[in-house]
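**Student:** Mind having a look at this structure? Questions to follow.
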Amino acid sequence: MKLQEFARRRNQLMRMVGRDGVAILPSAPVRMRSRDVEYRYRQDSDFYYLSGFAEPDAVAVLVPGRKNGEYVLFCRERDEEKELWDGARAGPDGAIESYGVDDAFPIDDIDDILPGIIESCTRVYYTMGMYTDFDIRIADWINSLRSRESKGVHTPQEFVALDHLLHDMRLYKSRAEVSAMRKSAKVAVGAHERAIRTVRAGLYEYEVEAEFRHEFRRSDAWVSYNPIVGSGANSCTLHYVDNNQQLADGDLLLIDAGCELDYYASDITRTIPVNGKFSPEQRAVYDIVLEAQLAAIDKTRKGNHWNEPHDAAVKIITRGLKRLGLLNGTPAKLIKDGAYRQFFMHRTGHWIGMDVHDVGDYKVGDQWRLLEPGMVTTVEPGIYIAAQSNIPTRFHNIGIRIEDDVLVTTKGPDVLSKGLVKHPDEIEAMMAAS
């Protein structure tokens, strides 16, 4: 992502904050995995969205009315000894030279400098409740200013939730963001193709997962969430991540896996037959899910409301389940009663962007939000038929989900992950050719 993209975002936010406001964003803290072993560091999405700065122990401050520079960054100083262990740091000078910062200071000086910046403002925009330790520091700075009010020190009159403004910005993807998401989807498509060609009875689910991790790292990407690789009964567990069962002939394998590349996520699901051939029952259920997904994608259009793709999927899935004898009654009443939720218990999609489950409201007031160009959502209907005494045995343990990432445009839905096969004939042909 070019520096101009981050500058454009900051300028847009500062126009909304106004000249008498200040926006404060802390970086994500380092997290410990166990004892002295840290998790791989991943910057806070809001912080990175505005800064492009990937180091911990930093605070970004946007001050539209400040004469000496509107974009201020507090960050770690250069330290040869620590950099020998943990890698290079930008330091305040590097932040100015390489990240478009107007003014930069050592993070250790923040208590001396930031209260003075806050003092000049009427409103403080800040995402409260995200990082408890930083919440305490904000409160300390404000209390320090209040303690000196009798000496003429000004205290901000209002705290405003920054995420209300910032997350609405993030909901609408720019051309640069769409390009990044296409690249992320392309890598994920390649990983799914690699896995589909690898699958055979006798492998373990974790061996299939390894194909994804290998392909992601080959492209300098990471998993955007723990891959779901569920075969047989595991395909009916929505968030199954143990991935330790052996693949059996005749079972289905549901693979939900995406990657994060340059801070942008992909999220794709395909369901395939372990032996390369769908059984009649598996194919019948698969065809319903595919029809539902295609109908939902078609509804992912400018001007439709958020729930229309879900409504379209529910209608087709309900009719399909009735046709298979798994539901009884009129489709209208089955939908009204929510009978389909026994087999389709989740929504048909979610926003996706820098986070897999990305920010952005789904409703405005009590009304579903209208879809607009630049929004990106997953479309992922499914049917999950766990083994139960009231279900015919031939349908037991059939769990099928099909998921793609879809961009709303002025011309209709644009499926970012469209390069990956999903018609059952195409899946069988790919597996037969491997």
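Labels used: A, B, ... for chains in the order of the structure tokens, numbers from 1 for residues in each chain, and numbers from 1 for ligands as shown.
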Mind checking DSSP for segment 107-210 of chain A and telling me the strand (DSSP E) residues as a list in words?
**Tutor:**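 Taking segment 107-210 of chain A and keeping strand (DSSP E) gives Arg123, Val124, Tyr125, Tyr126, Glu158, Phe159, Val160 and Ala161 of chain A.
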**Student:** Would you save the residues of that selection, restricted to C-alpha atoms, as a short mmCIF file (atom, residue, chain, number, x, y, z; two decimals), in the first residue's frame?
**Tutor:**
```cif
data_model
loop_
_atom_site.label_atom_id
_atom_site.label_comp_id
_atom_site.auth_asym_id
_atom_site.auth_seq_id
_atom_site.Cartn_x
_atom_site.Cartn_y
_atom_site.Cartn_z
CA ARG A 123 -13.08 16.74 21.79
CA VAL A 124 -11.06 13.53 22.12
CA TYR A 125 -11.79 10.74 19.63
CA TYR A 126 -10.64 7.40 20.98
CA GLU A 158 -16.23 15.56 25.20
CA PHE A 159 -15.04 12.01 24.49
CA VAL A 160 -16.25 10.52 21.21
CA ALA A 161 -16.05 6.88 20.10
#
```
**Student:** Using only C-alpha atoms, find each residue in segment 9-70 of chain A having at least one atom no more than 10 Å away from segment 130-137 of chain A; report its shortest atom-to-atom pair and that distance in Å (one decimal), rows by chain then rising number, as CSV.
**Tutor:**
```
residue,atom,partner,partner_atom,distance
A:Leu25,CA,A:Phe134,CA,9.6
A:Pro26,CA,A:Phe134,CA,7.4
A:Ser27,CA,A:Tyr131,CA,9.4
A:Ala28,CA,A:Tyr131,CA,8.1
A:Pro29,CA,A:Tyr131,CA,8.3
A:Val59,CA,A:Phe134,CA,9.9
```
**Student:** Can those selected residues be exported to a file as a PDB file, in the first residue's frame so that it contains C-alpha atoms?
**Tutor:**
```
ATOM      1  CA  LEU A  25      -4.870   5.444  18.365  1.00  0.00           C
ATOM      2  CA  PRO A  26      -2.583   3.029  20.234  1.00  0.00           C
ATOM      3  CA  SER A  27      -0.779   0.183  18.526  1.00  0.00           C
ATOM      4  CA  ALA A  28      -1.563  -3.414  19.417  1.00  0.00           C
ATOM      5  CA  PRO A  29       0.429  -4.711  22.382  1.00  0.00           C
ATOM      6  CA  VAL A  59       0.669   5.805  19.495  1.00  0.00           C
TER       7      VAL A  59
END
```
**Student:** Hey, can you check how far atom CA of Ala60 of chain A sits from atom CA of Val376 of chain A?
**Tutor:**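 Computing it gives 27.0 Å between the two atoms.
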**Student:** Could you tell me which of A:Arg319, A:Arg394, A:Lys277, A:Arg182 comes closest to Asp414 of chain A if we count only C-alpha atoms?
**Tutor:**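 Of A:Arg319, A:Arg394, A:Lys277, A:Arg182, the one nearest Asp414 of chain A is A:Arg182, counting only C-alpha atoms.
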**Student:** Please provide the set of residues having any atom within 6 Å of segment 430-434 of chain A, restricted to only C-alpha atoms, with same-chain residues fewer than 3 positions apart removed, written as a PyMOL selection string.
**Tutor:** chain A and resi 197+276+427
**Student:** Keeping only C-alpha atoms, write those residues as an mmCIF file, in the first residue's frame.
**Tutor:**
```
data_model
loop_
_atom_site.group_PDB
_atom_site.id
_atom_site.type_symbol
_atom_site.label_atom_id
_atom_site.label_comp_id
_atom_site.auth_asym_id
_atom_site.auth_seq_id
_atom_site.Cartn_x
_atom_site.Cartn_y
_atom_site.Cartn_z
ATOM 1 C CA ARG A 197 -5.627 -32.061 -5.790
ATOM 2 C CA GLY A 276 -13.342 -37.773 -5.656
ATOM 3 C CA ILE A 427 -14.582 -30.511 -8.506
#
```
**Student:** Counting only C-alpha atoms, what are the residues of segment 246-268 of chain A within 12 Å of segment 203-208 of chain A, and for each of them which pair of atoms is the nearest and at what distance in Å, to one decimal? Sort the table by chain and rising number, as a tab-separated table.
**Tutor:**
```
residue	atom	partner	partner_atom	distance
A:Gln246	CA	A:Tyr204	CA	4.2
A:Leu247	CA	A:Leu203	CA	5.5
A:Ala248	CA	A:Leu203	CA	8.3
A:Asp249	CA	A:Leu203	CA	10.4
A:Leu252	CA	A:Glu205	CA	11.7
A:Leu253	CA	A:Glu205	CA	8.7
A:Leu254	CA	A:Glu205	CA	10.1
A:Ile255	CA	A:Val208	CA	8.9
A:Asp256	CA	A:Val208	CA	11.4
A:Ala257	CA	A:Val208	CA	10.8
```
**Student:** Just write the chosen residues, N, CA and C atoms, as a short mmCIF file (atom, residue, chain, number, x, y, z; two decimals), in the first residue's frame.
**Tutor:**
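Everything below was put into again-v2.cif:
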```
data_model
loop_
_atom_site.label_atom_id
_atom_site.label_comp_id
_atom_site.auth_asym_id
_atom_site.auth_seq_id
_atom_site.Cartn_x
_atom_site.Cartn_y
_atom_site.Cartn_z
N GLN A 246 -8.58 -38.86 10.46
CA GLN A 246 -8.16 -39.45 9.18
C GLN A 246 -9.33 -39.39 8.19
N LEU A 247 -9.01 -39.04 6.95
CA LEU A 247 -10.02 -38.95 5.90
C LEU A 247 -10.46 -40.35 5.49
N ALA A 248 -11.78 -40.55 5.43
CA ALA A 248 -12.32 -41.87 5.11
C ALA A 248 -13.01 -41.86 3.76
N ASP A 249 -12.88 -42.95 3.03
CA ASP A 249 -13.53 -43.10 1.74
C ASP A 249 -15.04 -42.94 1.91
N LEU A 252 -17.35 -36.57 3.12
CA LEU A 252 -17.11 -35.24 2.58
C LEU A 252 -16.03 -34.56 3.39
N LEU A 253 -15.35 -33.61 2.78
CA LEU A 253 -14.34 -32.81 3.47
C LEU A 253 -14.68 -31.33 3.26
N LEU A 254 -15.01 -30.64 4.35
CA LEU A 254 -15.31 -29.21 4.29
C LEU A 254 -14.05 -28.45 4.68
N ILE A 255 -13.60 -27.57 3.80
CA ILE A 255 -12.38 -26.79 4.03
C ILE A 255 -12.71 -25.31 3.98
N ASP A 256 -12.56 -24.66 5.12
CA ASP A 256 -12.78 -23.22 5.24
C ASP A 256 -11.43 -22.61 5.59
N ALA A 257 -10.79 -21.96 4.62
CA ALA A 257 -9.43 -21.46 4.83
C ALA A 257 -9.20 -20.22 3.98
#
```
**Student:** With only C-alpha atoms counted and 10 Å as the cut-off, give the residues of segment 281-319 of chain A in contact with segment 399-405 of chain A, each with its shortest interatomic distance in Å and the pair that gives it, as CSV.
**Tutor:**
```
residue,atom,partner,partner_atom,distance
A:Gln282,CA,A:Ile400,CA,8.6
A:Val285,CA,A:Ile400,CA,7.6
A:Tyr286,CA,A:Ile400,CA,6.5
A:Asp287,CA,A:Ile400,CA,9.9
A:Ile288,CA,A:Ile400,CA,9.8
A:Val289,CA,A:Arg401,CA,7.0
A:Leu290,CA,A:Ile402,CA,6.9
A:Ala292,CA,A:Ile402,CA,9.5
A:Gln293,CA,A:Ile402,CA,7.0
A:Leu294,CA,A:Ile402,CA,9.8
A:Ile297,CA,A:Asp404,CA,8.9
```
**Student:** For the residues in the current selection, export N, CA and C atoms as a CSV table (one decimal), in the first residue's frame.
**Tutor:**
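Saved the output as selection-v3.csv:
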```csv
chain,number,residue,atom,x,y,z
A,282,GLN,N,-25.1,-36.8,-1.2
A,282,GLN,CA,-24.2,-35.7,-1.1
A,282,GLN,C,-24.4,-34.7,-2.3
A,285,VAL,N,-27.6,-32.6,-1.8
A,285,VAL,CA,-27.5,-31.5,-0.8
A,285,VAL,C,-26.6,-30.4,-1.4
A,286,TYR,N,-25.5,-30.9,-2.0
A,286,TYR,CA,-24.5,-29.9,-2.6
A,286,TYR,C,-25.2,-29.0,-3.6
A,287,ASP,N,-26.0,-29.5,-4.4
A,287,ASP,CA,-26.7,-28.8,-5.5
A,287,ASP,C,-27.6,-27.7,-4.9
A,288,ILE,N,-28.3,-28.0,-3.7
A,288,ILE,CA,-29.1,-27.0,-3.0
A,288,ILE,C,-28.3,-25.9,-2.5
A,289,VAL,N,-27.1,-26.2,-1.9
A,289,VAL,CA,-26.3,-25.2,-1.3
A,289,VAL,C,-25.7,-24.3,-2.4
A,290,LEU,N,-25.3,-24.9,-3.5
A,290,LEU,CA,-24.7,-24.1,-4.6
A,290,LEU,C,-25.8,-23.2,-5.3
A,292,ALA,N,-28.3,-22.0,-3.7
A,292,ALA,CA,-28.6,-20.9,-2.7
A,292,ALA,C,-27.4,-19.9,-2.8
A,293,GLN,N,-26.2,-20.4,-2.9
A,293,GLN,CA,-25.1,-19.4,-2.9
A,293,GLN,C,-25.2,-18.5,-4.2
A,294,LEU,N,-25.5,-19.1,-5.3
A,294,LEU,CA,-25.5,-18.3,-6.6
A,294,LEU,C,-26.7,-17.3,-6.5
A,297,ILE,N,-25.4,-14.5,-4.1
A,297,ILE,CA,-24.5,-13.6,-4.8
A,297,ILE,C,-25.2,-12.7,-5.7
```
**Student:** Which neighbours of segment 3-13 of chain A fall inside 12 Å, counting only C-alpha atoms, when residues of the same chain fewer than 6 positions from it are skipped, and could you give them as a PyMOL selection string?
**Tutor:** chain A and resi 19+21-25+46-53+60-64+70-72+95-102+125+162-170+172-177
**Student:** How about saving the chosen residues, C-alpha atoms kept, as a compact mmCIF listing (two decimals), in the first residue's frame?
**Tutor:**
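Contents of selection_15.txt, freshly written:
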```
# COMPACT_ATOMS: atom_id res chain seq x y z
CA ARG A 19 -9.96 21.43 13.97
CA GLY A 21 -10.65 17.62 17.98
CA VAL A 22 -7.86 15.08 18.46
CA ALA A 23 -7.87 11.39 17.50
CA ILE A 24 -5.67 9.00 19.47
CA LEU A 25 -4.87 5.44 18.37
CA ASP A 46 -7.36 0.59 12.92
CA PHE A 47 -3.84 1.78 13.74
CA TYR A 48 -2.35 0.24 10.60
CA TYR A 49 -5.21 1.49 8.42
CA LEU A 50 -4.18 5.07 9.19
CA SER A 51 -0.42 4.71 9.60
CA GLY A 52 1.01 1.73 7.71
CA PHE A 53 3.31 1.42 10.74
CA ALA A 60 -0.68 7.76 16.52
CA VAL A 61 -2.21 11.16 17.16
CA LEU A 62 -4.16 13.16 14.57
CA VAL A 63 -4.56 16.86 15.43
CA PRO A 64 -6.26 18.75 12.59
CA GLU A 70 -1.24 17.31 12.16
CA TYR A 71 0.07 13.73 12.27
CA VAL A 72 2.15 12.93 15.34
CA ALA A 95 8.94 7.50 11.07
CA ILE A 96 9.20 11.00 9.58
CA GLU A 97 11.36 9.89 6.66
CA SER A 98 9.49 6.71 5.69
CA TYR A 99 5.90 6.88 6.99
CA GLY A 100 4.67 10.39 6.23
CA VAL A 101 4.71 11.49 9.88
CA ASP A 102 4.75 15.26 10.48
CA TYR A 125 -11.79 10.74 19.63
CA LEU A 162 -13.53 6.92 17.26
CA ASP A 163 -14.67 3.58 15.89
CA HIS A 164 -18.02 5.07 14.82
CA LEU A 165 -16.20 7.22 12.25
CA LEU A 166 -13.25 5.01 11.45
CA HIS A 167 -15.11 1.74 11.01
CA ASP A 168 -17.56 3.32 8.61
CA MET A 169 -14.57 4.50 6.57
CA ARG A 170 -13.11 0.99 6.56
CA TYR A 172 -15.91 1.18 1.93
CA LYS A 173 -12.87 -0.28 0.16
CA SER A 174 -10.77 1.94 -2.10
CA ARG A 175 -9.30 0.77 -5.39
CA ALA A 176 -6.02 0.03 -3.62
CA GLU A 177 -7.81 -2.05 -1.00
```
**Student:** Rank nothing, just name the residue among A:Val178, A:Val314, A:Met14, A:Cys121 nearest to Val415 of chain A, using only C-alpha atoms.
**Tutor:**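 Closest to Val415 of chain A, using only C-alpha atoms: A:Val178.
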**Student:** What parts of segment 175-411 of chain A does DSSP call alpha helix (DSSP H)? I'd like the answer as JSON, numbers by chain.
**Tutor:** {"A": [175, 176, 177, 178, 179, 180, 181, 182, 183, 184, 185, 186, 187, 188, 189, 190, 191, 192, 193, 194, 195, 196, 197, 198, 205, 206, 207, 208, 209, 210, 211, 212, 213, 214, 215, 216, 217, 218, 280, 281, 282, 283, 284, 285, 286, 287, 288, 289, 290, 291, 292, 293, 294, 295, 296, 297, 298, 308, 309, 310, 311, 312, 313, 314, 315, 316, 317, 318, 319, 320, 321, 322, 323, 331, 332, 333, 334, 335, 336, 337]}
**Student:** With 12 Å as the cut-off and only C-alpha atoms counted, what is the closest atom pair between each nearby residue of segment 9-115 of chain A and segment 209-228 of chain A? Distances in Å to one decimal, ordered by chain and number, as a Markdown table.
**Tutor:**
```
| residue | atom | partner | partner_atom | distance |
| --- | --- | --- | --- | --- |
| A:Arg40 | CA | A:Trp222 | CA | 10.6 |
| A:Tyr41 | CA | A:Trp222 | CA | 11.9 |
| A:Arg42 | CA | A:Trp222 | CA | 10.7 |
```
**Student:** Could you dump the residues just selected with N, CA and C atoms as a compact mmCIF listing (two decimals), in the first residue's frame?
**Tutor:**
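What landed in result25.txt:
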```
# COMPACT_ATOMS: atom_id res chain seq x y z
N ARG A 40 3.43 -14.21 17.15
CA ARG A 40 3.86 -13.36 16.05
C ARG A 40 3.08 -12.06 16.11
N TYR A 41 3.78 -10.94 16.00
CA TYR A 41 3.12 -9.65 16.17
C TYR A 41 2.28 -9.30 14.96
N ARG A 42 1.10 -8.78 15.24
CA ARG A 42 0.21 -8.31 14.19
C ARG A 42 -0.38 -6.98 14.67
```
**Student:** If we count only C-alpha atoms, what is near His154 of chain A at a cut-off of 9 Å, once residues fewer than 5 positions away on the same chain are taken out, given as a list in words?
**Tutor:**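 Contacts, in chain order: Ile118, Glu119, Ser120, Cys121, Thr122, Leu145, Arg146, Arg148 and Glu149 of chain A.
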**Student:** If you keep N, CA and C atoms, can you produce a file of those selected residues as a CSV table (one decimal), in the first residue's frame?
**Tutor:**
```csv
chain,number,residue,atom,x,y,z
A,118,ILE,N,-3.5,17.3,24.0
A,118,ILE,CA,-4.9,17.1,24.3
A,118,ILE,C,-5.5,18.4,24.9
A,119,GLU,N,-4.7,19.1,25.6
A,119,GLU,CA,-5.2,20.3,26.3
A,119,GLU,C,-5.7,21.4,25.3
A,120,SER,N,-5.2,21.4,24.1
A,120,SER,CA,-5.6,22.4,23.1
A,120,SER,C,-6.9,22.0,22.4
A,121,CYS,N,-7.5,20.8,22.7
A,121,CYS,CA,-8.6,20.3,22.0
A,121,CYS,C,-9.9,20.3,22.8
A,122,THR,N,-11.0,20.4,22.1
A,122,THR,CA,-12.3,20.3,22.8
A,122,THR,C,-12.9,18.9,22.9
A,145,LEU,N,-4.9,16.9,33.7
A,145,LEU,CA,-5.3,18.2,33.2
A,145,LEU,C,-6.4,18.8,34.1
A,146,ARG,N,-7.3,18.0,34.5
A,146,ARG,CA,-8.4,18.5,35.4
A,146,ARG,C,-7.8,19.0,36.7
A,148,ARG,N,-5.4,20.7,37.2
A,148,ARG,CA,-4.7,22.0,37.0
A,148,ARG,C,-5.7,23.0,36.3
A,149,GLU,N,-7.0,22.7,36.4
A,149,GLU,CA,-8.0,23.6,35.8
A,149,GLU,C,-8.0,24.9,36.5
```
**Student:** Would you tabulate, counting only C-alpha atoms, all residues of segment 161-224 of chain A that have an atom at most 12 Å from an atom of segment 419-422 of chain A, showing the closest pair of atoms and their distance in Å to one decimal, sorted by chain then ascending number, as a Markdown table?
**Tutor:**
```
| residue | atom | partner | partner_atom | distance |
| --- | --- | --- | --- | --- |
| A:Arg182 | CA | A:Gly419 | CA | 10.6 |
| A:Lys183 | CA | A:Gly419 | CA | 11.8 |
| A:Ala185 | CA | A:Gly419 | CA | 8.9 |
| A:Lys186 | CA | A:Gly419 | CA | 7.6 |
| A:Val187 | CA | A:Gly419 | CA | 10.5 |
| A:Ala188 | CA | A:Leu420 | CA | 9.1 |
| A:Val189 | CA | A:Leu420 | CA | 5.5 |
| A:Gly190 | CA | A:Leu420 | CA | 8.0 |
| A:Ala191 | CA | A:Leu420 | CA | 9.8 |
| A:His192 | CA | A:Leu420 | CA | 7.6 |
| A:Glu193 | CA | A:Leu420 | CA | 7.1 |
| A:Arg194 | CA | A:Leu420 | CA | 10.8 |
| A:Ala195 | CA | A:Leu420 | CA | 11.7 |
| A:Ile196 | CA | A:Val421 | CA | 10.0 |
| A:Arg197 | CA | A:Val421 | CA | 11.9 |
```
**Student:** Find the distance between atom CA of Asp140 of chain A and atom CA of Pro106 of chain A and write it in Å to one decimal.
**Tutor:**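 So the two atoms, atom CA of Asp140 of chain A and atom CA of Pro106 of chain A, lie 19.1 Å apart.
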**Student:** Please provide as JSON, numbers by chain all residues within 10 Å of segment 331-338 of chain A, with the sequence filter that same-chain residues fewer than 2 positions apart are discarded (counting only C-alpha atoms).
**Tutor:** {"A": [311, 314, 315, 316, 317, 318, 319, 320, 321, 322, 327, 328, 329, 340, 341, 342, 344, 345]}
**Student:** Which is closest to Ser417 of chain A among A:Val199, A:Ala265, A:Ile117, A:Ile110, if we use only C-alpha atoms?
**Tutor:**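 Among the listed residues, A:Ala265 lies closest to Ser417 of chain A.
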